[in-house]
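Engineer: So that you have it, the file is start34.cif, and it contains mmCIF, C-alpha atoms:
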```cif
data_entry
#
loop_
_atom_site.label_atom_id
_atom_site.label_comp_id
_atom_site.auth_asym_id
_atom_site.auth_seq_id
_atom_site.Cartn_x
_atom_site.Cartn_y
_atom_site.Cartn_z
CA MET F 261 -12.25 5.08 -14.01
CA ALA F 262 -10.33 4.36 -17.20
CA ASP F 263 -10.96 1.13 -19.15
CA LYS F 264 -7.35 0.05 -18.97
CA THR F 265 -6.59 0.26 -15.29
CA LEU F 266 -3.30 1.97 -14.63
CA VAL F 267 -1.92 1.21 -11.18
CA TYR F 268 1.08 2.90 -9.57
CA VAL F 269 2.95 1.27 -6.70
CA VAL F 270 5.27 3.44 -4.58
CA ASP F 271 7.68 2.16 -1.93
CA ASP F 272 11.27 3.07 -1.06
CA GLU F 273 11.98 -0.54 -0.08
CA PRO F 274 12.93 -2.25 -3.38
CA LEU F 275 11.99 -5.76 -2.21
CA GLN F 276 8.56 -4.70 -0.92
CA LEU F 277 7.98 -2.74 -4.13
CA GLU F 278 8.95 -5.64 -6.37
CA LEU F 279 6.84 -8.15 -4.44
CA LEU F 280 3.69 -6.03 -4.62
CA LYS F 281 4.25 -5.12 -8.28
CA ASP F 282 4.81 -8.78 -9.26
CA HIS F 283 1.82 -9.92 -7.23
CA LEU F 284 -0.58 -7.41 -8.76
CA GLN F 285 0.77 -8.18 -12.23
CA LYS F 286 0.20 -11.89 -11.67
CA ALA F 287 -3.26 -11.43 -10.19
CA SER F 288 -4.62 -9.02 -12.81
CA THR F 289 -4.42 -7.57 -16.29
CA TYR F 290 -3.69 -4.09 -14.94
CA GLU F 291 -0.85 -1.98 -16.18
CA ILE F 292 1.41 -1.69 -13.14
CA HIS F 293 4.19 0.86 -12.75
CA ALA F 294 6.57 0.88 -9.78
CA PHE F 295 8.30 3.92 -8.26
CA GLY F 296 10.91 4.17 -5.51
CA THR F 297 9.95 7.70 -4.48
CA GLY F 298 6.84 9.83 -4.24
CA GLU F 299 8.45 12.48 -6.42
CA GLU F 300 8.84 9.99 -9.30
CA CYS F 301 5.23 8.88 -8.90
CA LEU F 302 3.94 12.48 -8.98
CA SER F 303 5.96 13.29 -12.11
CA ALA F 304 4.51 10.24 -13.85
CA ALA F 305 0.98 10.99 -12.62
CA LYS F 306 1.15 14.47 -14.14
CA VAL F 307 1.85 12.90 -17.54
CA ARG F 308 -0.47 9.90 -17.22
CA LYS F 309 -3.01 9.74 -14.43
CA PRO F 310 -3.36 6.37 -12.75
CA SER F 311 -6.69 4.97 -11.52
CA ILE F 312 -5.18 3.56 -8.33
CA VAL F 313 -2.01 4.27 -6.35
CA PHE F 314 -0.60 1.97 -3.67
CA LEU F 315 1.46 4.34 -1.57
CA ASP F 316 3.92 3.61 1.24
CA TYR F 317 3.29 5.76 4.30
CA ASN F 318 7.00 6.08 5.19
CA LEU F 319 8.69 7.16 2.00
CA ASP F 320 11.45 9.06 3.77
CA SER F 321 13.08 6.14 5.58
CA LYS F 322 16.08 6.07 3.21
CA VAL F 323 16.33 9.67 2.10
CA ARG F 324 15.36 12.12 4.82
CA GLN F 325 14.58 14.94 2.38
CA ALA F 326 12.21 12.73 0.37
CA MET F 327 8.47 13.46 0.45
CA ASP F 328 6.61 11.27 2.91
CA GLY F 329 3.50 9.30 2.01
CA ILE F 330 0.99 11.79 3.38
CA ASP F 331 2.50 14.68 1.38
CA VAL F 332 2.38 12.56 -1.77
CA LEU F 333 -1.24 11.58 -0.99
CA LYS F 334 -2.22 15.26 -0.65
CA GLU F 335 -0.59 16.14 -3.99
CA ILE F 336 -2.21 13.21 -5.78
CA LYS F 337 -5.63 14.28 -4.49
CA GLU F 338 -4.93 17.88 -5.58
CA LEU F 339 -3.99 16.61 -9.02
CA ASP F 340 -7.19 14.57 -9.36
CA SER F 341 -9.49 13.66 -6.51
CA GLU F 342 -10.79 10.69 -8.54
CA ILE F 343 -7.45 8.87 -8.23
CA GLU F 344 -7.92 6.30 -5.47
CA VAL F 345 -5.00 5.91 -3.07
CA VAL F 346 -4.37 2.89 -0.86
CA MET F 347 -1.83 3.61 1.88
CA ILE F 348 0.58 0.88 2.96
CA SER F 349 2.58 0.90 6.18
CA GLY F 350 4.42 -1.43 8.50
CA GLN F 351 2.73 0.33 11.41
CA ASP F 352 -0.60 -0.89 12.69
CA LYS F 353 -1.08 2.28 14.73
CA ILE F 354 -4.57 3.72 14.54
CA ASP F 355 -3.34 7.32 14.10
CA VAL F 356 -1.50 6.32 10.90
CA ALA F 357 -4.73 4.88 9.49
CA VAL F 358 -6.80 7.87 10.65
CA ASN F 359 -4.30 10.30 9.15
CA SER F 360 -4.42 8.46 5.83
CA MET F 361 -8.21 8.49 5.68
CA LYS F 362 -8.33 12.15 6.71
CA TYR F 363 -6.46 13.12 3.57
CA GLY F 364 -8.64 11.00 1.30
CA ALA F 365 -7.05 7.55 1.15
CA PHE F 366 -9.50 4.86 0.09
CA ASP F 367 -8.00 2.17 2.31
CA TYR F 368 -5.07 1.38 4.56
CA ILE F 369 -3.02 -1.82 4.48
CA VAL F 370 -0.53 -3.02 7.08
CA LYS F 371 2.60 -4.59 5.55
CA GLY F 372 3.10 -8.27 6.16
CA GLU F 373 2.01 -11.63 4.88
CA GLY F 374 -1.63 -10.69 4.34
CA ALA F 375 -0.82 -7.42 2.60
CA PHE F 376 -0.82 -8.77 -0.95
CA LEU F 377 -4.26 -10.34 -0.68
CA ARG F 378 -5.54 -7.16 0.97
CA ALA F 379 -4.14 -5.17 -1.96
CA GLU F 380 -6.15 -7.32 -4.37
CA LYS F 381 -9.22 -6.90 -2.19
CA ALA F 382 -8.69 -3.12 -2.13
CA ILE F 383 -8.76 -3.01 -5.95
CA TYR F 384 -11.98 -5.06 -5.93
CA ASN F 385 -13.51 -2.71 -3.34
CA ILE F 386 -12.51 0.36 -5.35
CA TYR F 387 -14.23 -1.08 -8.42
CA ARG F 388 -17.32 -2.02 -6.43
CA PHE F 389 -17.44 1.46 -4.91
CA HIS F 390 -17.18 3.14 -8.33
CA ARG F 391 -19.84 0.83 -9.78
CA LEU F 392 -22.20 1.63 -6.90
CA GLN F 393 -21.44 5.32 -7.25
CA GLY F 394 -22.21 5.06 -10.98
CA SER F 395 -25.54 3.34 -10.25
CA ALA F 396 -26.44 5.93 -7.62
CA ASN F 397 -25.71 8.76 -10.06
CA ALA F 398 -27.82 7.12 -12.79
CA TYR F 399 -30.70 6.64 -10.32
CA LYS F 400 -30.44 10.29 -9.27
CA LYS F 401 -30.61 11.44 -12.90
CA LEU F 402 -33.61 9.19 -13.52
CA MET F 403 -35.44 10.64 -10.50
CA ILE F 404 -34.76 14.22 -11.66
CA PHE F 405 -36.00 13.34 -15.17
CA PHE F 406 -39.14 11.70 -13.76
CA GLY F 407 -39.81 14.70 -11.47
CA LEU F 408 -39.47 17.15 -14.37
CA GLY F 409 -41.85 15.01 -16.44
CA MET F 410 -44.46 15.11 -13.68
CA LEU F 411 -44.09 18.88 -13.32
CA LEU F 412 -44.54 19.39 -17.06
CA MET F 413 -47.66 17.25 -17.02
CA ILE F 414 -49.18 19.28 -14.17
CA VAL F 415 -48.44 22.57 -15.97
CA LEU F 416 -49.96 21.17 -19.16
CA VAL F 417 -53.15 20.11 -17.34
CA ILE F 418 -53.48 23.57 -15.72
CA ILE F 419 -53.06 25.31 -19.10
CA LEU F 420 -55.57 23.01 -20.76
CA GLN F 421 -58.02 23.59 -17.92
CA MET F 422 -57.60 27.37 -18.10
CA LYS F 423 -58.26 27.30 -21.84
CA GLY F 424 -61.33 25.18 -21.22
CA LEU F 425 -60.00 22.33 -23.28
CA ILE F 426 -60.66 19.95 -20.41
CA ARG F 427 -63.84 20.31 -18.42
CA SER F 428 -63.29 18.98 -14.97
CA SER F 429 -60.40 18.90 -12.61
CA PRO F 430 -58.65 15.57 -12.53
CA GLY F 431 -59.20 15.64 -8.76
CA TRP F 432 -55.68 16.00 -7.60
CA LEU F 433 -55.42 19.64 -8.64
CA MET X 14 19.88 -17.24 20.52
CA GLU X 15 18.83 -20.82 19.94
CA SER X 16 20.31 -22.55 16.94
CA ASN X 17 17.83 -25.36 16.61
CA GLY X 18 16.59 -25.64 13.05
CA PRO X 19 16.73 -23.06 10.27
CA LEU X 20 15.88 -19.42 10.90
CA THR X 21 14.12 -19.05 7.57
CA ASP X 22 11.09 -20.69 6.02
CA LEU X 23 10.41 -20.08 2.33
CA ASN X 24 6.93 -21.62 2.27
CA TYR X 25 5.18 -18.25 2.25
CA LEU X 26 7.36 -16.96 -0.59
CA LYS X 27 6.80 -20.17 -2.54
CA SER X 28 3.04 -19.90 -2.16
CA LEU X 29 3.10 -16.21 -3.08
CA THR X 30 5.11 -16.85 -6.26
CA GLY X 31 3.41 -20.12 -7.12
CA GLY X 32 6.82 -21.77 -6.79
CA ALA X 33 8.38 -19.68 -9.56
CA ASN X 34 12.11 -20.15 -9.00
CA ASP X 35 13.09 -17.09 -11.01
CA LYS X 36 10.97 -14.87 -8.75
CA ILE X 37 12.20 -16.53 -5.55
CA ALA X 38 15.81 -16.11 -6.70
CA LYS X 39 15.18 -12.44 -7.56
CA TYR X 40 13.71 -11.71 -4.12
CA ILE X 41 16.51 -13.54 -2.29
CA ARG X 42 19.12 -11.58 -4.25
CA MET X 43 17.39 -8.29 -3.46
CA PHE X 44 17.22 -9.17 0.24
CA LEU X 45 20.87 -10.25 0.37
CA THR X 46 21.92 -7.02 -1.36
CA GLY X 47 19.84 -4.61 0.72
CA THR X 48 19.96 -6.02 4.23
CA PRO X 49 23.71 -5.56 5.01
CA ILE X 50 23.29 -1.88 4.12
CA SER X 51 20.30 -1.59 6.46
CA ILE X 52 22.24 -3.28 9.29
CA GLN X 53 25.12 -0.87 8.77
CA GLN X 54 22.64 2.05 8.85
CA MET X 55 21.13 0.78 12.11
CA GLU X 56 24.60 0.56 13.68
CA LEU X 57 25.43 4.10 12.56
CA HIS X 58 22.11 5.46 13.83
CA ALA X 59 22.65 3.77 17.20
CA LEU X 60 26.20 5.15 17.44
CA SER X 61 25.02 8.68 16.68
CA LYS X 62 21.94 8.24 18.91
CA ASP X 63 19.72 9.03 15.95
CA TRP X 64 16.74 7.15 17.37
CA ASN X 65 14.30 8.31 14.71
CA GLY X 66 16.64 7.13 11.95
CA LEU X 67 17.08 3.80 13.75
CA ARG X 68 13.32 3.41 14.17
CA GLN X 69 12.73 4.08 10.47
CA THR X 70 15.44 1.68 9.27
CA ALA X 71 14.28 -1.13 11.58
CA HIS X 72 10.68 -0.43 10.60
CA ALA X 73 11.45 -0.66 6.88
CA LEU X 74 13.50 -3.86 7.21
CA LYS X 75 11.09 -5.67 9.53
CA PRO X 76 8.43 -6.90 7.06
CA GLN X 77 11.12 -8.23 4.71
CA LEU X 78 12.22 -10.74 7.34
CA GLY X 79 8.63 -11.93 7.49
CA PHE X 80 8.60 -12.74 3.76
CA PHE X 81 11.46 -15.18 4.33
CA GLY X 82 9.80 -16.70 7.38
CA ALA X 83 12.45 -15.32 9.77
CA LYS X 84 9.90 -14.62 12.48
CA GLY X 85 12.41 -14.49 15.35
CA SER X 86 14.51 -11.86 13.58
CA GLU X 87 11.38 -9.91 12.65
CA GLU X 88 10.44 -9.83 16.32
CA LEU X 89 13.93 -8.66 17.26
CA LEU X 90 13.60 -5.77 14.80
CA ARG X 91 10.20 -4.96 16.26
CA GLU X 92 11.85 -4.66 19.70
CA ILE X 93 14.58 -2.38 18.29
CA GLU X 94 11.96 -0.24 16.56
CA ARG X 95 9.87 0.01 19.72
CA SER X 96 12.87 0.91 21.92
CA ALA X 97 13.95 3.61 19.46
CA ASP X 98 10.40 4.93 19.15
CA GLU X 99 9.74 5.06 22.89
CA GLN X 100 13.39 5.81 23.70
CA SER X 101 13.30 3.09 26.31
CA GLU X 102 15.93 0.44 27.11
CA LEU X 103 18.31 2.35 24.85
CA GLU X 104 21.33 0.74 26.53
CA LEU X 105 20.19 -2.66 25.16
CA ILE X 106 19.98 -1.50 21.55
CA PRO X 107 23.65 -2.10 20.51
CA ALA X 108 23.47 -5.69 21.82
CA LYS X 109 20.17 -6.24 20.00
CA ILE X 110 21.61 -4.95 16.73
CA GLU X 111 24.64 -7.22 17.22
CA ASN X 112 22.30 -10.12 17.88
CA PHE X 113 20.38 -9.28 14.72
CA ARG X 114 23.62 -9.18 12.71
CA LYS X 115 24.50 -12.67 13.96
CA GLN X 116 21.06 -13.91 13.01
CA TYR X 117 21.43 -12.33 9.58
CA ASP X 118 24.74 -14.17 9.08
CA ILE X 119 22.87 -17.46 9.53
CA ILE X 120 19.90 -16.27 7.45
CA SER X 121 22.17 -15.25 4.57
CA VAL X 122 23.84 -18.70 4.52
CA GLU X 123 20.42 -20.37 4.47
CA LEU X 124 19.19 -18.10 1.69
CA GLU X 125 22.33 -18.58 -0.39
CA THR X 126 21.75 -22.33 -0.16
CA ALA X 127 18.10 -21.82 -1.20
CA LEU X 128 19.30 -19.61 -4.04
CA ARG X 129 21.60 -22.35 -5.35
CA GLU X 130 18.71 -24.80 -5.13
CA THR X 131 16.57 -22.62 -7.39
CA GLY X 132 19.20 -23.11 -10.09
CA VAL X 133 18.61 -19.57 -11.33
#
```
Once you've parsed the file, please lay out its structure as structure tokens.

Structural biologist:
Amino acid sequence: MADKTLVYVVDDEPLQLELLKDHLQKASTYEIHAFGTGEECLSAAKVRKPSIVFLDYNLDSKVRQAMDGIDVLKEIKELDSEIEVVMISGQDKIDVAVNSMKYGAFDYIVKGEGAFLRAEKAIYNIYRFHRLQGSANAYKKLMIFFGLGMLLMIVLVIILQMKGLIRSSPGWL
Amino acid sequence: MESNGPLTDLNYLKSLTGGANDKIAKYIRMFLTGTPISIQQMELHALSKDWNGLRQTAHALKPQLGFFGAKGSEELLREIERSADEQSELELIPAKIENFRKQYDIISVELETALRETGV
């Protein structure tokens, strides 16, 4: 994830959009950009990729021809699968959440009074996840390096033994 | 509809904004600008029996009522959304929208008063 966290917020309800944008701006040092449609968000993401996108599930409530949240989610993930997307919806239906996760959303937030705190928590969880992923990758690399080192040592011992430079087997060969 | 006490409660908004009057005033203005359009859309959807359009408009407006503490009106929108979604009790929808409009008339007066009090 980039050092300066760029966060996009997308909602076709101006009040909801403004509230979430203001809240995230107040609660963090992130660079927050707000968009009223998924199309605007995608255009911006093609120029400057965000680290996190908060995306409304129902983006076609005002303009029927507008892309809905799931379509925007799919395009964001096609653009860069590393961009984490948090879906937001007024519906607490399980199929909405399942659908979001199926297409790669990191989390799902139900609109309402607790939504802003959950949005903050989602950012924290995304960071924690990426940190853990980073640690796991480093550990994996270390294990590969260690394994190769061991293999080299064994080969070296065999060569030395074959050339008679060492007399007896170390026991484990 | 009972008329005991105010329909709105700005405590949540005040805690969310840390009491910043400029923010509260901005949100009230946005709500007062957008909601009459949404009500008009709901009426048109109901007239044309566009239940999906009605469901979407009620769904989008619903959480906004919650921000201003208008829980009763939020619940009324939830009922409208559910009826449109399940296409049940459709004959009650026009009366429910009318009831919501009346509630909004009271809400808008309360919010305009709150707006004046912010001094912004």

Engineer: Interatomic distance between CA of Ile336 in chain F and CA of Leu315 in chain F?

Structural biologist: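 Interatomic distance here is 10.5 Å.
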
Engineer: From the options X:Ala97, X:Ala33, X:Glu104, X:Phe44, which residue's atoms come nearest to Gly79 in chain X, counting only C-alpha atoms?

Structural biologist: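 Once distances to Gly79 in chain X are computed over only C-alpha atoms, the minimum belongs to X:Phe44.
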
Engineer: Step by step, work through what the PyMOL selection byres ((chain F) within 9 of (chain X)) selects in the shown file, and finish by giving those residues as a VMD selection string.

Structural biologist: chain F and resid 272 to 276 278 to 279 282 to 283 286 318 320 to 322 324 350 to 351 371 to 373 376

Engineer: Those same residues, written as a PDB file, in the frame of the given file with C-alpha atoms?

Structural biologist:
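Output saved as selection-v5.pdb:
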```
ATOM      1  CA  ASP F 272      11.270   3.070  -1.060  1.00  0.00           C
ATOM      2  CA  GLU F 273      11.980  -0.540  -0.080  1.00  0.00           C
ATOM      3  CA  PRO F 274      12.930  -2.250  -3.380  1.00  0.00           C
ATOM      4  CA  LEU F 275      11.990  -5.760  -2.210  1.00  0.00           C
ATOM      5  CA  GLN F 276       8.560  -4.700  -0.920  1.00  0.00           C
ATOM      6  CA  GLU F 278       8.950  -5.640  -6.370  1.00  0.00           C
ATOM      7  CA  LEU F 279       6.840  -8.150  -4.440  1.00  0.00           C
ATOM      8  CA  ASP F 282       4.810  -8.780  -9.260  1.00  0.00           C
ATOM      9  CA  HIS F 283       1.820  -9.920  -7.230  1.00  0.00           C
ATOM     10  CA  LYS F 286       0.200 -11.890 -11.670  1.00  0.00           C
ATOM     11  CA  ASN F 318       7.000   6.080   5.190  1.00  0.00           C
ATOM     12  CA  ASP F 320      11.450   9.060   3.770  1.00  0.00           C
ATOM     13  CA  SER F 321      13.080   6.140   5.580  1.00  0.00           C
ATOM     14  CA  LYS F 322      16.080   6.070   3.210  1.00  0.00           C
ATOM     15  CA  ARG F 324      15.360  12.120   4.820  1.00  0.00           C
ATOM     16  CA  GLY F 350       4.420  -1.430   8.500  1.00  0.00           C
ATOM     17  CA  GLN F 351       2.730   0.330  11.410  1.00  0.00           C
ATOM     18  CA  LYS F 371       2.600  -4.590   5.550  1.00  0.00           C
ATOM     19  CA  GLY F 372       3.100  -8.270   6.160  1.00  0.00           C
ATOM     20  CA  GLU F 373       2.010 -11.630   4.880  1.00  0.00           C
ATOM     21  CA  PHE F 376      -0.820  -8.770  -0.950  1.00  0.00           C
TER      22      PHE F 376
END
```

Engineer: Would you kindly translate the PyMOL selection byres ((chain F and resi 295-312) around 6) into the concrete residues it picks from this file, as a PDB file with C-alpha atoms, keeping the file's coordinate frame?

Structural biologist:
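The result, stored in result-v2.pdb:
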```
ATOM      1  CA  LEU F 266      -3.300   1.970 -14.630  1.00  0.00           C
ATOM      2  CA  VAL F 267      -1.920   1.210 -11.180  1.00  0.00           C
ATOM      3  CA  VAL F 270       5.270   3.440  -4.580  1.00  0.00           C
ATOM      4  CA  ASP F 271       7.680   2.160  -1.930  1.00  0.00           C
ATOM      5  CA  ASP F 272      11.270   3.070  -1.060  1.00  0.00           C
ATOM      6  CA  ALA F 294       6.570   0.880  -9.780  1.00  0.00           C
ATOM      7  CA  VAL F 313      -2.010   4.270  -6.350  1.00  0.00           C
ATOM      8  CA  VAL F 332       2.380  12.560  -1.770  1.00  0.00           C
ATOM      9  CA  ILE F 343      -7.450   8.870  -8.230  1.00  0.00           C
ATOM     10  CA  GLU F 344      -7.920   6.300  -5.470  1.00  0.00           C
ATOM     11  CA  VAL F 345      -5.000   5.910  -3.070  1.00  0.00           C
TER      12      VAL F 345
END
```

Engineer: To one decimal place, how far is CA of Asp340 in chain F from CA of Val323 in chain F in Å?

Structural biologist: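 The value is 26.6 Å.
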
Engineer: Would you please work out which residue, of X:Arg95, X:Glu125, X:Phe113, X:Asp22, is nearest to Gln53 in chain X when using all atoms listed in the file?

Structural biologist: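 For Gln53 in chain X, the nearest of the candidates is X:Phe113.
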
Engineer: Between CA of Tyr268 in chain F and CA of Leu377 in chain F, what distance in Å does the model show, to one decimal?

Structural biologist: 16.8 Å

Engineer: Compare X:Glu123, X:Asp118, X:Glu88, X:Glu56 by their minimum atom-to-atom distance to Ile106 in chain X, counting all atoms listed in the file, and give me the closest one.

Structural biologist: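 Closest candidate: X:Glu56.
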
Engineer: If we count all atoms listed in the file, what is near Ile120 in chain X at a cut-off of 10 Å, once residues fewer than 2 positions away on the same chain are taken out, given as a VMD selection string?

Structural biologist: chain X and resid 19 to 22 45 78 81 83 86 114 to 118 122 to 126

Engineer: Report the residues retrieved by the PyMOL selection byres ((chain F and resi 379-391) around 8) from the displayed file, expressed as a list in words.

Structural biologist: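 For this structure, the PyMOL selection byres ((chain F and resi 379-391) around 8) captures Met261, Leu284, Ala287, Ile312, Glu344, Val346, Phe366, Asp367, Ile369, Ala375, Phe376, Leu377, Arg378, Leu392, Gln393, Gly394 and Ser395 of chain F.
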
Engineer: Listed atoms of range 86-97 of chain X, axis-aligned box, 3 Å per side: centre and edge lengths to one decimal in Å, as AutoDock Vina command-line options?

Structural biologist:
```
--center_x 12.2 --center_y -4.1 --center_z 17.3 --size_x 10.7 --size_y 21.5 --size_z 15.3
```

Engineer: Tell me which of F:His293, F:Lys353, F:Lys334, F:Lys401 sits closest to Val370 in chain F, counting all atoms listed in the file.

Structural biologist: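 That would be F:Lys353, the residue with the smallest distance to Val370 in chain F.
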
Engineer: Would you mind putting N, CA and C atoms back on range 100-122 of chain X and writing the result as a JSON list (two decimals), in the frame of the given file?

Structural biologist:
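And here is the file that came out, rebuild-v1.json:
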```json
[["chain", "number", "residue", "atom", "x", "y", "z"],
["X", 100, "GLN", "N", 12.11, 5.45, 23.05],
["X", 100, "GLN", "CA", 13.39, 5.81, 23.70],
["X", 100, "GLN", "C", 13.48, 5.16, 25.09],
["X", 101, "SER", "N", 13.21, 3.86, 25.07],
["X", 101, "SER", "CA", 13.30, 3.09, 26.31],
["X", 101, "SER", "C", 14.30, 1.95, 26.10],
["X", 102, "GLU", "N", 14.91, 1.51, 27.15],
["X", 102, "GLU", "CA", 15.93, 0.44, 27.11],
["X", 102, "GLU", "C", 16.97, 0.71, 26.02],
["X", 103, "LEU", "N", 17.37, 1.96, 25.92],
["X", 103, "LEU", "CA", 18.31, 2.35, 24.85],
["X", 103, "LEU", "C", 19.66, 1.66, 25.02],
["X", 104, "GLU", "N", 20.02, 1.36, 26.27],
["X", 104, "GLU", "CA", 21.33, 0.74, 26.53],
["X", 104, "GLU", "C", 21.39, -0.69, 25.95],
["X", 105, "LEU", "N", 20.22, -1.28, 25.69],
["X", 105, "LEU", "CA", 20.19, -2.66, 25.16],
["X", 105, "LEU", "C", 20.26, -2.69, 23.62],
["X", 106, "ILE", "N", 20.07, -1.54, 23.01],
["X", 106, "ILE", "CA", 19.98, -1.50, 21.55],
["X", 106, "ILE", "C", 21.24, -2.03, 20.83],
["X", 107, "PRO", "N", 22.46, -1.58, 21.22],
["X", 107, "PRO", "CA", 23.65, -2.10, 20.51],
["X", 107, "PRO", "C", 23.73, -3.63, 20.55],
["X", 108, "ALA", "N", 23.42, -4.22, 21.70],
["X", 108, "ALA", "CA", 23.47, -5.69, 21.82],
["X", 108, "ALA", "C", 22.40, -6.33, 20.94],
["X", 109, "LYS", "N", 21.25, -5.69, 20.84],
["X", 109, "LYS", "CA", 20.17, -6.24, 20.00],
["X", 109, "LYS", "C", 20.54, -6.17, 18.52],
["X", 110, "ILE", "N", 21.18, -5.07, 18.14],
["X", 110, "ILE", "CA", 21.61, -4.95, 16.73],
["X", 110, "ILE", "C", 22.68, -6.01, 16.43],
["X", 111, "GLU", "N", 23.59, -6.21, 17.38],
["X", 111, "GLU", "CA", 24.64, -7.22, 17.22],
["X", 111, "GLU", "C", 24.01, -8.61, 17.09],
["X", 112, "ASN", "N", 23.02, -8.84, 17.93],
["X", 112, "ASN", "CA", 22.30, -10.12, 17.88],
["X", 112, "ASN", "C", 21.61, -10.30, 16.52],
["X", 113, "PHE", "N", 21.04, -9.22, 16.02],
["X", 113, "PHE", "CA", 20.38, -9.28, 14.72],
["X", 113, "PHE", "C", 21.40, -9.58, 13.62],
["X", 114, "ARG", "N", 22.58, -8.95, 13.72],
["X", 114, "ARG", "CA", 23.62, -9.18, 12.71],
["X", 114, "ARG", "C", 24.01, -10.66, 12.69],
["X", 115, "LYS", "N", 24.15, -11.25, 13.88],
["X", 115, "LYS", "CA", 24.50, -12.67, 13.96],
["X", 115, "LYS", "C", 23.40, -13.53, 13.33],
["X", 116, "GLN", "N", 22.17, -13.15, 13.61],
["X", 116, "GLN", "CA", 21.06, -13.91, 13.01],
["X", 116, "GLN", "C", 21.08, -13.76, 11.49],
["X", 117, "TYR", "N", 21.39, -12.55, 11.03],
["X", 117, "TYR", "CA", 21.43, -12.33, 9.58],
["X", 117, "TYR", "C", 22.52, -13.18, 8.93],
["X", 118, "ASP", "N", 23.65, -13.34, 9.64],
["X", 118, "ASP", "CA", 24.74, -14.17, 9.08],
["X", 118, "ASP", "C", 24.24, -15.59, 8.80],
["X", 119, "ILE", "N", 23.43, -16.11, 9.73],
["X", 119, "ILE", "CA", 22.87, -17.46, 9.53],
["X", 119, "ILE", "C", 21.82, -17.43, 8.42],
["X", 120, "ILE", "N", 20.97, -16.41, 8.46],
["X", 120, "ILE", "CA", 19.90, -16.27, 7.45],
["X", 120, "ILE", "C", 20.51, -16.20, 6.04],
["X", 121, "SER", "N", 21.58, -15.42, 5.90],
["X", 121, "SER", "CA", 22.17, -15.25, 4.57],
["X", 121, "SER", "C", 22.74, -16.57, 4.05],
["X", 122, "VAL", "N", 23.33, -17.38, 4.94],
["X", 122, "VAL", "CA", 23.84, -18.70, 4.52],
["X", 122, "VAL", "C", 22.67, -19.58, 4.06]]
```
